[in-house]
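Chemist: structure17.cif (mmCIF, C-alpha atoms and all ligand atoms) pasted underneath:
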data_input
loop_
_atom_site.label_atom_id
_atom_site.label_comp_id
_atom_site.auth_asym_id
_atom_site.auth_seq_id
_atom_site.Cartn_x
_atom_site.Cartn_y
_atom_site.Cartn_z
CA MET A 1 8.51 -31.86 11.02
CA ARG A 2 10.67 -34.92 11.28
CA TYR A 3 9.77 -37.24 8.45
CA ALA A 4 12.53 -39.79 8.96
CA LEU A 5 11.42 -43.05 10.49
CA SER A 6 13.26 -44.54 13.46
CA GLN A 7 15.46 -47.58 12.89
CA LYS A 8 13.18 -49.63 15.16
CA ARG A 9 10.21 -48.84 12.95
CA LEU A 10 12.17 -49.50 9.77
CA ASN A 11 13.14 -52.92 11.11
CA THR A 12 9.50 -53.81 11.61
CA TYR A 13 9.02 -53.42 7.86
CA LYS A 14 11.52 -56.15 7.10
CA LYS A 15 10.58 -59.77 7.14
CA GLY A 16 13.15 -62.40 6.08
CA GLY A 17 15.20 -59.73 4.32
CA GLN A 18 12.21 -58.68 2.19
CA SER A 19 11.03 -55.14 2.60
CA VAL A 20 7.21 -55.22 2.86
CA THR A 21 6.64 -51.54 2.31
CA ASN A 22 3.55 -49.52 1.42
CA LEU A 23 0.99 -51.45 3.40
CA ILE A 24 -1.99 -49.12 3.76
CA SER A 25 -4.57 -49.80 6.45
CA VAL A 26 -8.00 -48.61 5.41
CA ILE A 27 -10.89 -47.60 7.67
CA PRO A 28 -13.95 -47.39 5.39
CA GLY A 29 -16.01 -45.77 8.17
CA ASP A 30 -19.73 -45.01 8.11
CA GLY A 31 -22.32 -43.17 6.01
CA ILE A 32 -20.65 -41.98 2.81
CA GLY A 33 -17.33 -43.44 4.05
CA PRO A 34 -17.33 -46.75 2.13
CA VAL A 35 -18.27 -44.98 -1.15
CA ILE A 36 -15.56 -42.32 -0.98
CA ILE A 37 -12.95 -44.78 0.31
CA ARG A 38 -13.67 -47.10 -2.63
CA SER A 39 -13.23 -44.18 -4.95
CA ALA A 40 -9.91 -43.17 -3.32
CA ILE A 41 -8.56 -46.73 -3.50
CA ARG A 42 -9.40 -47.01 -7.21
CA VAL A 43 -7.62 -43.74 -7.87
CA LEU A 44 -4.62 -44.84 -5.77
CA GLU A 45 -4.46 -48.14 -7.66
CA ALA A 46 -4.48 -46.24 -10.93
CA VAL A 47 -1.65 -43.86 -9.94
CA SER A 48 0.44 -46.61 -8.37
CA GLU A 49 0.25 -48.58 -11.61
CA LEU A 50 0.98 -45.51 -13.72
CA TYR A 51 3.96 -44.40 -11.62
CA GLY A 52 5.34 -47.84 -10.80
CA PHE A 53 5.02 -48.43 -7.06
CA LYS A 54 3.06 -50.98 -5.13
CA LEU A 55 0.39 -50.30 -2.55
CA ASN A 56 -1.23 -53.11 -0.57
CA PHE A 57 -4.48 -52.34 1.21
CA VAL A 58 -5.69 -54.01 4.38
CA GLU A 59 -9.15 -53.21 5.71
CA ALA A 60 -9.34 -52.21 9.37
CA PRO A 61 -13.03 -51.87 10.27
CA ALA A 62 -13.76 -49.13 12.80
CA GLY A 63 -16.69 -46.89 13.67
CA ASP A 64 -20.44 -47.37 14.14
CA ALA A 65 -20.69 -50.30 11.71
CA ALA A 66 -17.72 -52.02 13.38
CA LYS A 67 -19.39 -51.53 16.77
CA ARG A 68 -22.52 -53.23 15.45
CA SER A 69 -20.55 -56.13 13.92
CA PHE A 70 -17.80 -56.67 16.50
CA GLY A 71 -19.18 -55.06 19.66
CA GLU A 72 -16.58 -52.29 19.78
CA PRO A 73 -15.86 -49.27 17.57
CA LEU A 74 -12.15 -50.02 17.25
CA PRO A 75 -11.58 -53.79 17.51
CA LYS A 76 -8.10 -54.82 18.65
CA ASP A 77 -7.52 -56.59 15.34
CA SER A 78 -8.17 -53.32 13.48
CA PHE A 79 -5.90 -51.39 15.80
CA ASP A 80 -3.12 -53.95 15.27
CA LYS A 81 -3.56 -53.72 11.49
CA ILE A 82 -3.35 -49.93 11.64
CA ARG A 83 -0.32 -49.93 13.91
CA SER A 84 1.61 -52.38 11.76
CA SER A 85 0.82 -50.61 8.46
CA ASP A 86 2.93 -47.90 6.80
CA ALA A 87 0.09 -45.38 6.81
CA CYS A 88 -3.64 -45.32 7.38
CA LEU A 89 -6.32 -44.01 5.05
CA LYS A 90 -9.44 -43.27 7.05
CA GLY A 91 -12.98 -42.53 5.95
CA PRO A 92 -15.43 -40.57 8.13
CA VAL A 93 -16.81 -42.27 11.23
CA GLY A 94 -20.23 -41.54 12.79
CA ASP A 95 -21.22 -41.33 16.46
CA THR A 96 -18.20 -43.35 17.60
CA ALA A 97 -15.71 -40.85 16.12
CA LYS A 98 -14.28 -40.07 19.56
CA ASP A 99 -13.53 -43.76 20.21
CA VAL A 100 -11.81 -44.07 16.85
CA ILE A 101 -10.04 -40.93 15.71
CA VAL A 102 -9.47 -39.17 19.04
CA PHE A 103 -8.17 -42.47 20.44
CA LEU A 104 -5.87 -43.10 17.45
CA ARG A 105 -4.47 -39.56 17.53
CA GLN A 106 -3.54 -39.94 21.19
CA ARG A 107 -2.47 -43.58 21.17
CA LEU A 108 -0.28 -43.24 18.05
CA ASP A 109 0.86 -39.77 19.12
CA LEU A 110 -0.27 -38.19 15.84
CA TYR A 111 0.28 -34.75 17.25
CA ALA A 112 0.14 -32.62 14.13
CA ASN A 113 -3.17 -32.15 12.35
CA ILE A 114 -2.47 -30.42 9.05
CA ARG A 115 -5.50 -29.00 7.26
CA PRO A 116 -5.05 -27.10 3.98
CA PHE A 117 -7.78 -24.80 2.61
CA LYS A 118 -7.45 -23.24 -0.81
CA THR A 119 -9.89 -21.55 -3.17
CA LEU A 120 -9.82 -23.39 -6.49
CA PRO A 121 -10.77 -22.47 -10.03
CA GLY A 122 -14.14 -24.04 -10.88
CA VAL A 123 -15.33 -24.05 -7.27
CA SER A 124 -17.77 -21.32 -6.42
CA SER A 125 -16.78 -19.30 -3.39
CA LYS A 126 -17.25 -15.73 -2.19
CA TRP A 127 -13.46 -15.49 -2.03
CA ARG A 128 -10.46 -15.79 -4.32
CA ASP A 129 -6.80 -16.41 -3.56
CA VAL A 130 -7.38 -17.97 -0.16
CA ASP A 131 -4.56 -20.35 0.77
CA ILE A 132 -4.48 -21.29 4.44
CA VAL A 133 -3.08 -24.23 6.37
CA ILE A 134 -4.41 -24.84 9.85
CA VAL A 135 -1.84 -26.59 12.02
CA ARG A 136 -3.77 -27.95 14.97
CA GLU A 137 -2.29 -29.59 18.05
CA ASN A 138 -3.97 -32.96 18.00
CA THR A 139 -3.47 -34.67 21.34
CA GLU A 140 -4.20 -32.26 24.20
CA GLU A 141 -6.28 -29.31 25.45
CA LEU A 142 -9.99 -29.98 26.16
CA TYR A 143 -10.00 -33.00 23.81
CA LYS A 144 -7.62 -34.82 26.12
CA GLY A 145 -10.84 -36.31 27.46
CA VAL A 146 -10.20 -35.81 31.17
CA GLU A 147 -13.76 -35.22 32.33
CA ASP A 148 -15.97 -35.61 35.34
CA VAL A 149 -19.65 -35.45 34.53
CA GLY A 150 -22.25 -35.80 37.28
CA GLU A 151 -25.92 -34.90 37.69
CA GLU A 152 -25.14 -31.47 39.12
CA HIS A 153 -21.77 -30.66 37.62
CA ALA A 154 -19.56 -31.22 34.58
CA VAL A 155 -15.81 -30.62 34.48
CA ALA A 156 -13.46 -30.95 31.51
CA LEU A 157 -9.78 -30.45 32.14
CA MET A 158 -7.76 -28.42 29.66
CA VAL A 159 -4.37 -30.07 29.40
CA LEU A 160 -1.40 -28.38 27.72
CA THR A 161 2.23 -29.45 28.03
CA LYS A 162 5.31 -27.52 26.99
CA LYS A 163 6.59 -30.49 24.97
CA ALA A 164 3.42 -30.68 22.86
CA CYS A 165 3.21 -26.90 22.42
CA VAL A 166 6.84 -26.69 21.25
CA ARG A 167 6.65 -29.57 18.79
CA ILE A 168 3.45 -28.33 17.13
CA ALA A 169 4.87 -24.80 16.90
CA ASN A 170 7.89 -26.23 15.09
CA VAL A 171 5.60 -27.95 12.57
CA ALA A 172 3.78 -24.66 11.89
CA PHE A 173 6.95 -22.60 11.48
CA GLN A 174 8.61 -25.20 9.25
CA MET A 175 5.51 -25.21 7.08
CA ALA A 176 5.41 -21.40 6.91
CA GLU A 177 9.04 -21.38 5.76
CA THR A 178 7.96 -23.23 2.61
CA ARG A 179 4.95 -20.96 2.03
CA LYS A 180 4.16 -17.25 2.58
CA LYS A 181 6.26 -17.14 5.76
CA LYS A 182 3.59 -16.06 8.20
CA VAL A 183 2.25 -17.83 11.30
CA THR A 184 -0.84 -16.65 13.15
CA VAL A 185 -0.84 -18.07 16.67
CA VAL A 186 -4.44 -18.46 17.82
CA HIS A 187 -5.41 -18.73 21.50
CA LYS A 188 -7.63 -17.16 24.14
CA VAL A 189 -5.05 -16.05 26.64
CA ASN A 190 -7.04 -12.99 27.71
CA VAL A 191 -9.57 -15.27 29.42
CA LEU A 192 -7.71 -18.53 30.05
CA LYS A 193 -4.25 -18.01 31.47
CA SER A 194 -3.38 -21.63 30.62
CA PHE A 195 -2.93 -20.54 27.00
CA GLU A 196 0.14 -18.60 28.13
CA LEU A 197 2.08 -21.88 27.89
CA PHE A 198 1.05 -22.32 24.25
CA ARG A 199 1.73 -18.67 23.47
CA LYS A 200 5.17 -18.66 25.11
CA ALA A 201 6.17 -21.86 23.31
CA ALA A 202 5.26 -20.28 19.96
CA LEU A 203 7.19 -17.09 20.80
CA GLU A 204 10.23 -19.15 21.77
CA VAL A 205 10.09 -21.38 18.67
CA ALA A 206 9.62 -18.32 16.43
CA LYS A 207 13.17 -17.21 17.32
CA SER A 208 14.55 -20.17 15.37
CA TYR A 209 12.70 -19.12 12.20
CA PRO A 210 13.83 -15.53 11.51
CA SER A 211 12.36 -15.53 7.99
CA VAL A 212 8.86 -16.18 9.33
CA THR A 213 6.62 -13.40 10.67
CA MET A 214 4.54 -14.30 13.68
CA GLU A 215 1.36 -12.63 14.84
CA GLU A 216 -1.00 -13.48 17.68
CA MET A 217 -4.78 -13.49 17.44
CA LEU A 218 -7.58 -14.33 19.85
CA VAL A 219 -9.76 -17.17 18.61
CA ASP A 220 -12.94 -15.07 18.45
CA ASN A 221 -11.24 -12.46 16.29
CA THR A 222 -9.79 -15.28 14.12
CA ALA A 223 -13.31 -16.60 13.50
CA TYR A 224 -14.33 -13.10 12.40
CA GLN A 225 -11.22 -12.46 10.27
CA LEU A 226 -11.67 -15.81 8.52
CA VAL A 227 -15.06 -14.78 7.13
CA THR A 228 -14.21 -11.13 6.48
CA ASN A 229 -10.58 -11.19 5.37
CA PRO A 230 -9.36 -14.79 4.84
CA GLN A 231 -6.53 -13.79 2.47
CA ARG A 232 -4.62 -12.33 5.41
CA PHE A 233 -3.79 -15.81 6.71
CA ASP A 234 -1.01 -18.20 5.75
CA VAL A 235 -0.40 -20.76 8.52
CA ILE A 236 -2.73 -20.77 11.53
CA LEU A 237 -1.22 -22.45 14.58
CA THR A 238 -3.74 -23.38 17.23
CA THR A 239 -4.83 -25.86 19.87
CA ASN A 240 -7.11 -28.85 19.51
CA MET A 241 -10.71 -27.67 19.87
CA PHE A 242 -10.11 -24.24 18.33
CA GLY A 243 -8.52 -25.96 15.32
CA ASP A 244 -11.48 -28.29 14.99
CA ILE A 245 -13.99 -25.42 14.90
CA LEU A 246 -11.97 -23.03 12.72
CA SER A 247 -11.43 -25.83 10.17
CA ASP A 248 -15.11 -26.19 9.35
CA GLU A 249 -15.32 -22.42 8.99
CA ALA A 250 -12.34 -22.42 6.63
CA ALA A 251 -13.93 -25.25 4.60
CA GLY A 252 -17.04 -23.12 4.12
CA ILE A 253 -14.89 -20.23 2.92
CA VAL A 254 -13.19 -22.26 0.18
CA GLY A 255 -16.38 -23.91 -1.11
CA SER A 256 -17.37 -27.23 0.43
CA LEU A 257 -16.56 -29.63 3.21
CA GLY A 258 -16.43 -32.20 0.41
CA LEU A 259 -13.05 -30.71 -0.61
CA ALA A 260 -11.46 -30.44 2.85
CA TYR A 261 -8.82 -33.00 3.76
CA SER A 262 -6.21 -33.51 6.43
CA ALA A 263 -3.18 -35.37 7.70
CA ASN A 264 -2.62 -36.57 11.26
CA ILE A 265 1.11 -36.94 11.59
CA GLY A 266 3.46 -38.05 14.34
CA ASP A 267 7.17 -38.76 14.28
CA GLU A 268 6.61 -42.32 13.05
CA PHE A 269 3.15 -42.67 11.53
CA GLY A 270 0.60 -40.82 9.43
CA LEU A 271 -3.17 -41.12 9.16
CA PHE A 272 -5.00 -39.31 6.37
CA GLU A 273 -8.69 -38.43 6.25
CA PRO A 274 -11.28 -35.95 5.02
CA ILE A 275 -12.26 -33.42 7.68
CA HIS A 276 -15.97 -33.85 7.06
CA GLY A 277 -18.26 -36.34 8.77
CA THR A 278 -20.45 -39.12 7.40
CA ALA A 279 -22.91 -36.75 5.64
CA PRO A 280 -25.96 -38.68 6.88
CA ASP A 281 -28.28 -36.27 5.05
CA ILE A 282 -27.23 -37.23 1.49
CA ASP A 283 -27.43 -40.23 -0.85
CA PRO A 284 -23.91 -41.74 -0.54
CA SER A 285 -23.68 -42.34 -4.28
CA TYR A 286 -23.71 -38.54 -4.72
CA ALA A 287 -21.01 -37.91 -2.09
CA ASN A 288 -18.07 -35.84 -3.18
CA PRO A 289 -15.01 -38.15 -2.99
CA ILE A 290 -12.45 -35.37 -3.57
CA ALA A 291 -11.60 -34.73 0.10
CA GLN A 292 -10.88 -38.44 0.53
CA ILE A 293 -8.87 -38.51 -2.70
CA MET A 294 -6.88 -35.42 -1.68
CA ALA A 295 -6.24 -37.06 1.72
CA SER A 296 -4.78 -39.95 -0.30
CA LYS A 297 -2.63 -37.46 -2.18
CA MET A 298 -1.30 -36.16 1.13
CA MET A 299 -0.58 -39.76 2.13
CA LEU A 300 1.47 -40.31 -1.04
CA GLU A 301 3.42 -37.11 -0.33
CA TRP A 302 4.15 -38.19 3.23
CA LEU A 303 5.11 -41.73 2.22
CA GLY A 304 7.20 -40.38 -0.65
CA ARG A 305 9.08 -38.05 1.68
CA THR A 306 9.57 -40.51 4.53
CA LYS A 307 10.74 -43.28 2.21
CA GLY A 308 12.52 -41.13 -0.34
CA ASN A 309 10.25 -42.50 -3.08
CA MET A 310 10.21 -40.04 -5.98
CA ALA A 311 7.57 -42.00 -7.89
CA MET A 312 5.10 -41.44 -5.07
CA LEU A 313 5.87 -37.73 -5.00
CA LYS A 314 5.31 -37.52 -8.75
CA ALA A 315 2.07 -39.47 -8.43
CA ALA A 316 0.86 -37.10 -5.70
CA SER A 317 1.57 -34.08 -7.86
CA SER A 318 -0.14 -35.64 -10.88
CA LEU A 319 -3.16 -36.52 -8.74
CA GLU A 320 -3.47 -32.94 -7.52
CA ASN A 321 -3.29 -31.63 -11.10
CA ALA A 322 -5.94 -34.11 -12.17
CA VAL A 323 -8.28 -32.95 -9.38
CA LEU A 324 -7.73 -29.30 -10.37
CA SER A 325 -8.51 -30.07 -13.96
CA LEU A 326 -11.61 -32.11 -13.04
CA LEU A 327 -13.02 -29.28 -10.92
CA GLN A 328 -13.07 -27.01 -13.96
CA ASP A 329 -15.46 -29.32 -15.79
CA SER A 330 -18.96 -28.55 -14.47
CA LYS A 331 -20.20 -31.98 -15.66
CA SER A 332 -17.86 -33.61 -13.15
CA LEU A 333 -19.06 -31.73 -10.09
CA THR A 334 -21.07 -33.43 -7.35
CA PRO A 335 -24.21 -31.73 -5.91
CA ASP A 336 -22.33 -30.09 -3.00
CA LEU A 337 -20.45 -28.10 -5.68
CA GLY A 338 -23.58 -27.32 -7.66
CA GLY A 339 -23.33 -30.21 -10.15
CA ARG A 340 -25.10 -33.53 -10.72
CA ALA A 341 -22.21 -36.00 -10.94
CA THR A 342 -22.00 -39.09 -8.74
CA ALA A 343 -18.95 -40.27 -6.81
CA GLU A 344 -18.57 -42.95 -9.52
CA ASP A 345 -18.59 -40.29 -12.30
CA VAL A 346 -15.87 -38.34 -10.47
CA THR A 347 -13.74 -41.46 -9.97
CA LYS A 348 -13.94 -42.55 -13.61
CA ARG A 349 -13.25 -39.06 -14.91
CA LEU A 350 -10.29 -38.60 -12.61
CA ILE A 351 -8.73 -41.87 -13.74
CA GLU A 352 -9.24 -40.82 -17.40
CA ILE A 353 -7.48 -37.50 -16.69
CA LEU A 354 -4.60 -39.28 -14.91
CA LEU A 355 -4.11 -41.65 -17.85
CA LYS A 356 -4.14 -38.78 -20.32
CA GLU A 357 -1.71 -36.70 -18.22
CA LYS A 358 0.72 -39.60 -17.98
CA ARG A 359 0.56 -40.27 -21.75
CA ILE A 360 1.40 -36.61 -22.43
CA SER A 361 4.26 -36.39 -19.91
P1 LIG B 1 -21.40 -36.43 11.34
O1 LIG B 1 -22.45 -36.62 12.39
O2 LIG B 1 -20.91 -37.70 10.78
O3 LIG B 1 -20.30 -35.49 11.77
P2 LIG B 1 -22.65 -34.16 10.09
O4 LIG B 1 -23.85 -34.07 9.18
O5 LIG B 1 -22.74 -33.56 11.43
O6 LIG B 1 -22.16 -35.68 10.14
P3 LIG B 1 -20.78 -33.65 8.02
O7 LIG B 1 -20.88 -35.06 7.60
O8 LIG B 1 -19.42 -33.10 8.13
O9 LIG B 1 -21.43 -33.41 9.41
O10 LIG B 1 -21.65 -32.82 7.00
C1 LIG B 1 -21.91 -31.43 7.09
C2 LIG B 1 -22.60 -31.03 5.79
O11 LIG B 1 -21.68 -31.15 4.70
C3 LIG B 1 -23.77 -31.95 5.44
O12 LIG B 1 -24.79 -31.19 4.82
C4 LIG B 1 -23.18 -32.93 4.45
O13 LIG B 1 -24.10 -33.47 3.54
C5 LIG B 1 -22.12 -32.09 3.73
N1 LIG B 1 -21.00 -32.92 3.32
C6 LIG B 1 -19.98 -33.34 4.09
N2 LIG B 1 -19.13 -34.08 3.41
C7 LIG B 1 -19.60 -34.16 2.15
C8 LIG B 1 -19.15 -34.82 0.96
N3 LIG B 1 -18.02 -35.53 0.92
N4 LIG B 1 -19.91 -34.71 -0.15
C9 LIG B 1 -21.03 -33.97 -0.14
N5 LIG B 1 -21.51 -33.33 0.96
C10 LIG B 1 -20.80 -33.42 2.09
#
What would the structure in this file look like if it were written as structure tokens?
Modeler:
Amino acid sequence: MRYALSQKRLNTYKKGGQSVTNLISVIPGDGIGPVIIRSAIRVLEAVSELYGFKLNFVEAPAGDAAKRSFGEPLPKDSFDKIRSSDACLKGPVGDTAKDVIVFLRQRLDLYANIRPFKTLPGVSSKWRDVDIVIVRENTEELYKGVEDVGEEHAVALMVLTKKACVRIANVAFQMAETRKKKVTVVHKVNVLKSFELFRKAALEVAKSYPSVTMEEMLVDNTAYQLVTNPQRFDVILTTNMFGDILSDEAAGIVGSLGLAYSANIGDEFGLFEPIHGTAPDIDPSYANPIAQIMASKMMLEWLGRTKGNMAMLKAASSLENAVLSLLQDSKSLTPDLGGRATAEDVTKRLIEILLKEKRIS
């Protein structure tokens, strides 16, 4: 994955010789979104102060609430704020998700959807030692949105291009090189010949990564293997809709959707979000904010790498440690993890842990 920003983009960060870096656009979203986003921002403010870097937040309303207030789910003003920021932190969006996130992924060419799933001490799960990253192509396939729906027929076009297949395969293999060195390429080529393009691209890219083992798996078998033998996976490389579905399955395997987070990354921009939805069935004050907080951690890692900012990388690592330590305290668990804590309890506790960690280090 290319993390370096283009010169053109770097120039847009400079105004009158002053570098205006670390502007974070924030989409609070709907349902539990505003609660978990507030929590993530408080935690980010705490780590930025502790580790000595500055983050400025600019709200970019989008989603069902934005549609009610401004007449459209992604107002132009919000889009402009997102596009001119350094990174976007997004909360979950309700019924208008397609108009917000699918649009942003395609318009900003955020082609790599990276979704880590790990069993964690303190979190009850049927499994142990699961550590999977789903690398999902984010801009094509059936989610391209080329459809014709009439009274008597419905057609959705599956679009794959060699360029997109090759670049996402490179992301998966580069990631595997830093992990357990295995890529499982997931498709359904036995039924849909179109997947041959995706498969061939992966086989071709694999040649450049001799230390990584590649296997192929049909998506139906992958769904089965995920619930029967999830430890066999390292990096799963797949297309858009398959990645979407397998991600929720993987979240169930490691404990809760409330812990599942993701990055949407292109060559020049990153957008970070939990993979869950707006959780309309729960009291927002009891929402688990950890997925949103871990999405913020991924954002710090990406910003730290793209800008060469060590303080951000340290802050990201400290934040991850703090979350791991919090999860081992049953009093700090929200109801989705079997506890009784509120999002506010989790936020306060996490900030306490971060302060303590920093004092010790
Ligand atoms: P949407 O229509 O917005 O996609 P949904 O109910 O279809 O919402 P999710 O919001 O992803 O899908 O929720 C699936 C289940 O997981 C629900 O029972 C929800 O309460 C739970 N859940 C999701 N996220 C969280 C969270 N952060 N904290 C607690 N529970 C959560």
Chemist: (8.1, -43.7, -7.4) in this file's frame - what residues fall within 12 Å of it? Use all atoms listed in the file and give the answer as number ranges by chain.
Modeler: A: 22, 47-55, 300-301, 303-305, 307-317
Chemist: Using only C-alpha atoms and all ligand atoms, find each residue of chain A with at least one atom at most 8 Å away from an atom of ligand LIG 1 (chain B); report its shortest atom-to-atom pair and that distance in Å (one decimal), sort the rows by chain and rising residue number, and return the result as CSV.
Modeler:
residue,atom,partner,partner_atom,distance
A:Asp30,CA,B:LIG1,O2,7.9
A:Gly31,CA,B:LIG1,O2,7.4
A:Ile32,CA,B:LIG1,N3,7.2
A:Ile36,CA,B:LIG1,N3,7.5
A:Pro92,CA,B:LIG1,O2,6.7
A:Val93,CA,B:LIG1,O2,6.2
A:Gly94,CA,B:LIG1,O2,4.4
A:Asp95,CA,B:LIG1,O1,6.3
A:Ser256,CA,B:LIG1,O11,7.2
A:Leu257,CA,B:LIG1,C6,5.1
A:Gly258,CA,B:LIG1,N3,3.7
A:Leu259,CA,B:LIG1,N3,7.1
A:Pro274,CA,B:LIG1,N3,7.9
A:Ile275,CA,B:LIG1,O8,7.2
A:His276,CA,B:LIG1,O8,3.7
A:Gly277,CA,B:LIG1,O7,3.1
A:Thr278,CA,B:LIG1,O2,3.7
A:Ala279,CA,B:LIG1,O7,3.3
A:Pro280,CA,B:LIG1,O4,5.6
A:Asp281,CA,B:LIG1,O13,5.3
A:Ile282,CA,B:LIG1,O13,5.3
A:Tyr286,CA,B:LIG1,C9,7.0
A:Ala287,CA,B:LIG1,N4,3.9
A:Asn288,CA,B:LIG1,N4,3.7
A:Pro289,CA,B:LIG1,N3,5.6
A:Ile290,CA,B:LIG1,N3,7.2
A:Ala291,CA,B:LIG1,N3,6.5
A:Gln292,CA,B:LIG1,N3,7.7
A:Thr334,CA,B:LIG1,C9,7.2
A:Pro335,CA,B:LIG1,C9,7.0
A:Asp336,CA,B:LIG1,C9,5.0
Chemist: Just checking: using all atoms listed in the file, which residue out of A:Ala250, A:Val149, A:Val123, A:Leu271 ends up closest to Ser330 (chain A)?
Modeler: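 Nearest to Ser330 (chain A): A:Val123.
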Chemist: Taking only C-alpha atoms into account, which of A:Phe103, A:Phe242, A:Phe57, A:Phe269 comes nearest Val135 (chain A)?
Modeler: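 Closest to Val135 (chain A), using only C-alpha atoms: A:Phe242.
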Chemist: At a cut-off of 12 Å, using all atoms listed in the file, what residues contact Lys181 (chain A)? Leave out same-chain residues fewer than 2 positions from it and give the result as a ChimeraX atom specification.
Modeler: /A:132-133,172-179,183-184,206,209-215,232-236
Chemist: Restricting the calculation to all atoms listed in the file: of A:Asp131, A:Glu216, A:Glu59, A:Asp329, which residue gets closest to Ala202 (chain A)?
Modeler: A:Glu216
Chemist: With distances taken over only C-alpha atoms, which of A:Cys88, A:Ala201, A:Ser318, A:Ser208 is nearest to Ile353 (chain A)?
Modeler: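 Looking only at the distances to Ile353 (chain A), the closest residue turns out to be A:Ser318.
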Chemist: Choose the residue, out of A:Pro75, A:Leu89, A:Leu108, A:Asp148, that has the smallest atom-to-atom separation from Met298 (chain A); count all atoms listed in the file.
Modeler: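 Of A:Pro75, A:Leu89, A:Leu108, A:Asp148, the one nearest Met298 (chain A), counting all atoms listed in the file, is A:Leu89.
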Chemist: Near Pro28 (chain A), within 6 Å and counting only C-alpha atoms, which residues show up once chain neighbours fewer than 4 positions away are dropped, as a PyMOL selection string?
Modeler: chain A and resi 33-34+37+91
Chemist: Quick one, how far is CA of Thr139 (chain A) from CA of Lys180 (chain A)?
Modeler: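 Separation between CA of Thr139 (chain A) and CA of Lys180 (chain A): 26.7 Å.
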